[in-house]
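Following: one structure in structure tokens, then a few remarks.
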Amino acid sequence: MNNSIVITGIGVVSPLGVGMEMLWSNLLQSKTSLQYFADLDAAGYRNAYACRVTDFDAPPVYRGAWMALDATRQAITQSQIQLPENAGVFLGSTLGESMAYEMAAEGADLNPEDYNTYSLANTIAKAYSLSGPIQALSTACTAGNYAVGAAMASLQRGDIAVAIAGAAEPFSRIAMVGFTRSRAMATDGCKPFDANRNGMVLGEGAAIFILERKKDALQRGAEILAEVYSLGLSCDAYHPTSPHPDGRGLTRAMNTALESVRVNAGDIDWVNIHGSGTKVSDAAEALALKNVFEKNMPLLSGSKGAIGHALGAASALELAICVKGIVTQTIPPTPGFTIRDPDIDLDCTTEPIQKEIRFAINNASAFGGLNASLLLGSCTS
Amino acid sequence: MMICHVHIGEKLEKEALPGIAETIEMEFGKPSNPDAIGLYIVSNHIGTNSSIAFWKDVIQHGPAFANPELFPWTLANSACGYIARHFGITGPNYTYICPPENPECINEVVKQAETDRENLGMEEVWIIIIHI
């Protein structure tokens with residue numbers, strides 16, 4: 001694994017806490033951020049339950065940008081890095097500032113393009129006077145993994161020395177209505193892989209990482225949190241909103257991530273599942289896991305019962321959890337998972353588990369049939 | 001590497017995509033091995049028309065009664081998903097949001113496509129630039 005890429009800083013704005021330590025502490029206690037929101041009820045939403053960041057103030061139309069900037073500041077602080085001017089910014093989001101699209105529909109005089117994913121990424125670059133490449137990836141619920149994978153590729157090509165990568169998604173009323181009207185929402189919490197799961201819960205947030213080449217990080221004496229090995233991608237090309245029921249797309253994504261760096265499936269210690277809590281998505285992911293791991297199933301955990309589904313930011317927030325798990329050699333519990341589904345026939349963690357974690361996979365799937373599996377591990381691997 | 005320029009105009013994504021797929025097919029032909037194709041959409045606008053139309057419907061009918069049909073098209077990657085389904089393309093599927101007239105942005109996409117071709121063994125990479 002030459003040209004290794006490592007993470008040296010994490011920043012998080014999540015419904016379960018602003019800052020990685022607060023998120024991690026709450027997650028280890030199996031807390032959930034699910035709440036009833038009177039403003040949604042009063043506005044006539046059929047579902048008024050969500051996972052929102054309640055202790056983060058920002059102008060509504062700049063909420064995503066402010067979340068991304070706060071997470072970036074945290075990541076830079078932890079990394080203790082002096083950003084070179086040509087550092088790259090790689091950001092994922094589903095909609096960008098959803099509020100801007102809503103305001104445009106309401107007749108506001110604004111150009112939504114000034115508030116899209118590219119504008120979020122550009123905001124970070126401007127805040128730190130960076131002139132390096134900007135990549136804005138709108139690959140829905142896989143966007144965080146895509147952004148980190150793109151940053152890894154840019155670093156490995158030698159285009160840049162440092163990358164700011166991750167994803168941000170402010171709470172979206174468009175998504176809240178859309179998923180509710182599509183009957184994809186749960187009202188009693190997200191229950192990944194659970195027998196009684198009945199849908200997703202909308203979340204929001206941001207997670208940003210500092211990535212650099214391992215040799216550069218070692219040279220400057222940085223603390224290496226985790227190594228990023230590979231990103232496997234695929235598209236089901238099957239249905240606009242449903243995964244292929246046999247899990248073939250996610251199977252390919254995980255296999256690609258493993259094969260591209262010659263890691264065996266049996267070496268994987270932990271998979272952070274996409275685990276959206278919907279019947280069909282979880283069933284397809286379970287089949288994919290069985291396809292890849294067969295009888296060597298690693299420990300499985302999922303976080304959407306705790307933090308909701310933050311769409312474009314989801315896989316970035318869950319990557320932050322993976323990195324923290326690797327640093328502490330702890331696999332977190334899966335809030336919402338209590339009863340094994342005989343159809344899925346797989347268990348998720350129900351309490352923190354101390355274990356040697358050499359390799360972990362962070363899974364993500366999205367509308368449009370996208371699948372993205374990021375392989376990472378401890379830096380001693 | 002094949003690059004195709006198309007336009008969406010004021011049309012909703014679900015109305016524009018069939019014509020866009022037709023244009024792509026005329027330029028690239030039907031893929032012989034769709035499992036070994038990487039797809040890269042570049043747009044600064046994709047998803048916008050449907051997002052605004054969807055929210056207008058929410059305003060008109062209320063959140064409890066809005067028509068959900070448009071919702072999947074509000075997602076910027078819905079176009080890339082449509083094109084993948086049209087051609088059966090199961091390789092990497094990217095949606096980049098950036099001004100199509102910005103050469104630095106396009107260069108980033110080209111580099112990623114080349115990286116995927118080299119590292120993932122993609123036989124073809126299709127870059128579709130969607131202008132307004």
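Note on naming: chains are A, B, ... as they come in the structure tokens, residues start from 1 per chain, ligands start from 1 in the order shown.
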Legend entry - Contact residues (chain A, partner chain B, 8 Å, only C-alpha atoms) as a count of residues only: 50
Inset, instruction - Pick out each residue of region 42-128 of chain B that DSSP on the backbone tags as helix (DSSP H, G or I); I need them as a PyMOL selection string. - result: chain B and resi 48-61+68-74+78-87+103-120
Inset, instruction - Find the residues around region 23-29 of chain B up to 12 Å (only C-alpha atoms counted), leave out those fewer than 4 positions away in its own chain, and share them as a list in words. - result: Met1, Met2, Ile3, Cys4, His5, Val6, His7, Ile8, Ala16, Leu17, Pro18, Gly19, Asn33, Pro34, Ile37, Leu39, Ile41, Ile83, Ala84, His86, Phe87, Glu124, Val125, Trp126, Ile127, Ile128, Ile129 and Ile130 of chain B
Legend entry - Distance query region 53-58 of chain A at most 7 Å, only C-alpha atoms, self and fewer than 5 positions along chain excluded, as a list in words: Ser14, Pro15, Arg63, Trp66, Glu204 and Gly205 of chain A
Next, the residues of the selection above should be written as a compact mmCIF listing (two decimals), in the first residue's frame with C-alpha atoms.
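Saved as selection27.txt:
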# COMPACT_ATOMS: atom_id res chain seq x y z
CA SER A 14 -24.21 16.40 14.33
CA PRO A 15 -27.62 16.13 15.94
CA ARG A 63 -26.88 26.70 7.46
CA TRP A 66 -21.81 27.38 8.42
CA GLU A 204 -28.63 16.97 9.13
CA GLY A 205 -25.04 17.89 9.85
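When CA of Gly121 (chain B) is paired with CA of Glu259 (chain A), their separation reads 11.9 Å.
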Inset, instruction - Based on DSSP run over this structure's backbone, return all residues of region 55-107 of chain B in strand (DSSP E or B), as an MDAnalysis selection string. - result: chainID B and resid 93:97
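When the distance limit is 8 Å and only C-alpha atoms are what count, the residues near region 160-165 of chain A, minus those fewer than 6 positions from it on the same chain, are Thr72, Leu83, Pro84, Asn86, Ala87, Gly88, Val89, Phe90, Leu91, Gly132, Ala147, Val148, Ala151, Ser154, Ile208, Phe209, Ile210, Leu211, Glu212 and Arg213 of chain A.
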For C-alpha atoms, I'd like the residues from the last selection saved as a compact mmCIF listing (two decimals), in the first residue's frame.
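The resulting selection25.txt:
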# COMPACT_ATOMS: atom_id res chain seq x y z
CA THR A 72 -13.55 22.40 8.91
CA LEU A 83 -2.81 24.61 5.22
CA PRO A 84 -0.79 25.13 2.04
CA ASN A 86 -2.99 24.79 -2.92
CA ALA A 87 -4.90 22.55 -0.50
CA GLY A 88 -7.92 21.00 -2.21
CA VAL A 89 -11.53 21.07 -1.10
CA PHE A 90 -13.70 18.01 -1.76
CA LEU A 91 -17.23 18.39 -0.52
CA GLY A 132 -6.28 24.39 -4.99
CA ALA A 147 -15.71 13.24 -1.48
CA VAL A 148 -13.16 11.46 0.69
CA ALA A 151 -9.56 13.60 -2.08
CA SER A 154 -6.05 13.67 -5.80
CA ILE A 208 -14.99 17.26 7.53
CA PHE A 209 -11.62 15.53 7.48
CA ILE A 210 -8.03 16.59 6.89
CA LEU A 211 -6.31 14.11 4.61
CA GLU A 212 -2.66 14.01 3.68
CA ARG A 213 -0.04 11.56 2.56
Inset, instruction - Excluding Leu120 (chain A) and residues on its chain fewer than 4 positions from it, collect all residues at most 10 Å away from it, counting only C-alpha atoms, and give them as a PyMOL selection string. - result: chain A and resi 62+64-69+89+91-93+96-97+114-116+124-125+136+167-169
Output C-alpha atoms for every residue in that selection, as a PDB file, in the first residue's frame.
ATOM      1  CA  TYR A  62     -26.345  29.531   4.963  1.00  0.00           C
ATOM      2  CA  GLY A  64     -25.019  24.128   5.361  1.00  0.00           C
ATOM      3  CA  ALA A  65     -22.080  26.448   4.754  1.00  0.00           C
ATOM      4  CA  TRP A  66     -21.806  27.378   8.418  1.00  0.00           C
ATOM      5  CA  MET A  67     -21.933  23.723   9.451  1.00  0.00           C
ATOM      6  CA  ALA A  68     -19.218  22.905   6.925  1.00  0.00           C
ATOM      7  CA  LEU A  69     -17.066  25.804   8.101  1.00  0.00           C
ATOM      8  CA  VAL A  89     -11.535  21.067  -1.095  1.00  0.00           C
ATOM      9  CA  LEU A  91     -17.233  18.386  -0.524  1.00  0.00           C
ATOM     10  CA  GLY A  92     -20.369  16.310  -0.844  1.00  0.00           C
ATOM     11  CA  SER A  93     -23.977  17.343  -0.383  1.00  0.00           C
ATOM     12  CA  GLY A  96     -26.571  22.186  -0.892  1.00  0.00           C
ATOM     13  CA  GLU A  97     -28.597  24.912   0.809  1.00  0.00           C
ATOM     14  CA  ASP A 114     -25.179  30.444  -5.612  1.00  0.00           C
ATOM     15  CA  TYR A 115     -26.227  28.022  -2.862  1.00  0.00           C
ATOM     16  CA  ASN A 116     -25.510  24.597  -4.368  1.00  0.00           C
ATOM     17  CA  ILE A 124     -14.522  26.690   2.521  1.00  0.00           C
ATOM     18  CA  ALA A 125     -11.844  27.476  -0.071  1.00  0.00           C
ATOM     19  CA  ALA A 136     -18.321  19.326  -5.328  1.00  0.00           C
ATOM     20  CA  ALA A 167     -19.846  16.574   3.425  1.00  0.00           C
ATOM     21  CA  ALA A 168     -22.524  18.901   4.709  1.00  0.00           C
ATOM     22  CA  GLU A 169     -26.292  18.827   4.599  1.00  0.00           C
TER      23      GLU A 169
END
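Among the candidates A:Ser315, A:Ser276, A:Gln354, A:Ser4, the residue lying nearest to Phe337 (chain A) is A:Ser276 (atoms considered: only C-alpha atoms).
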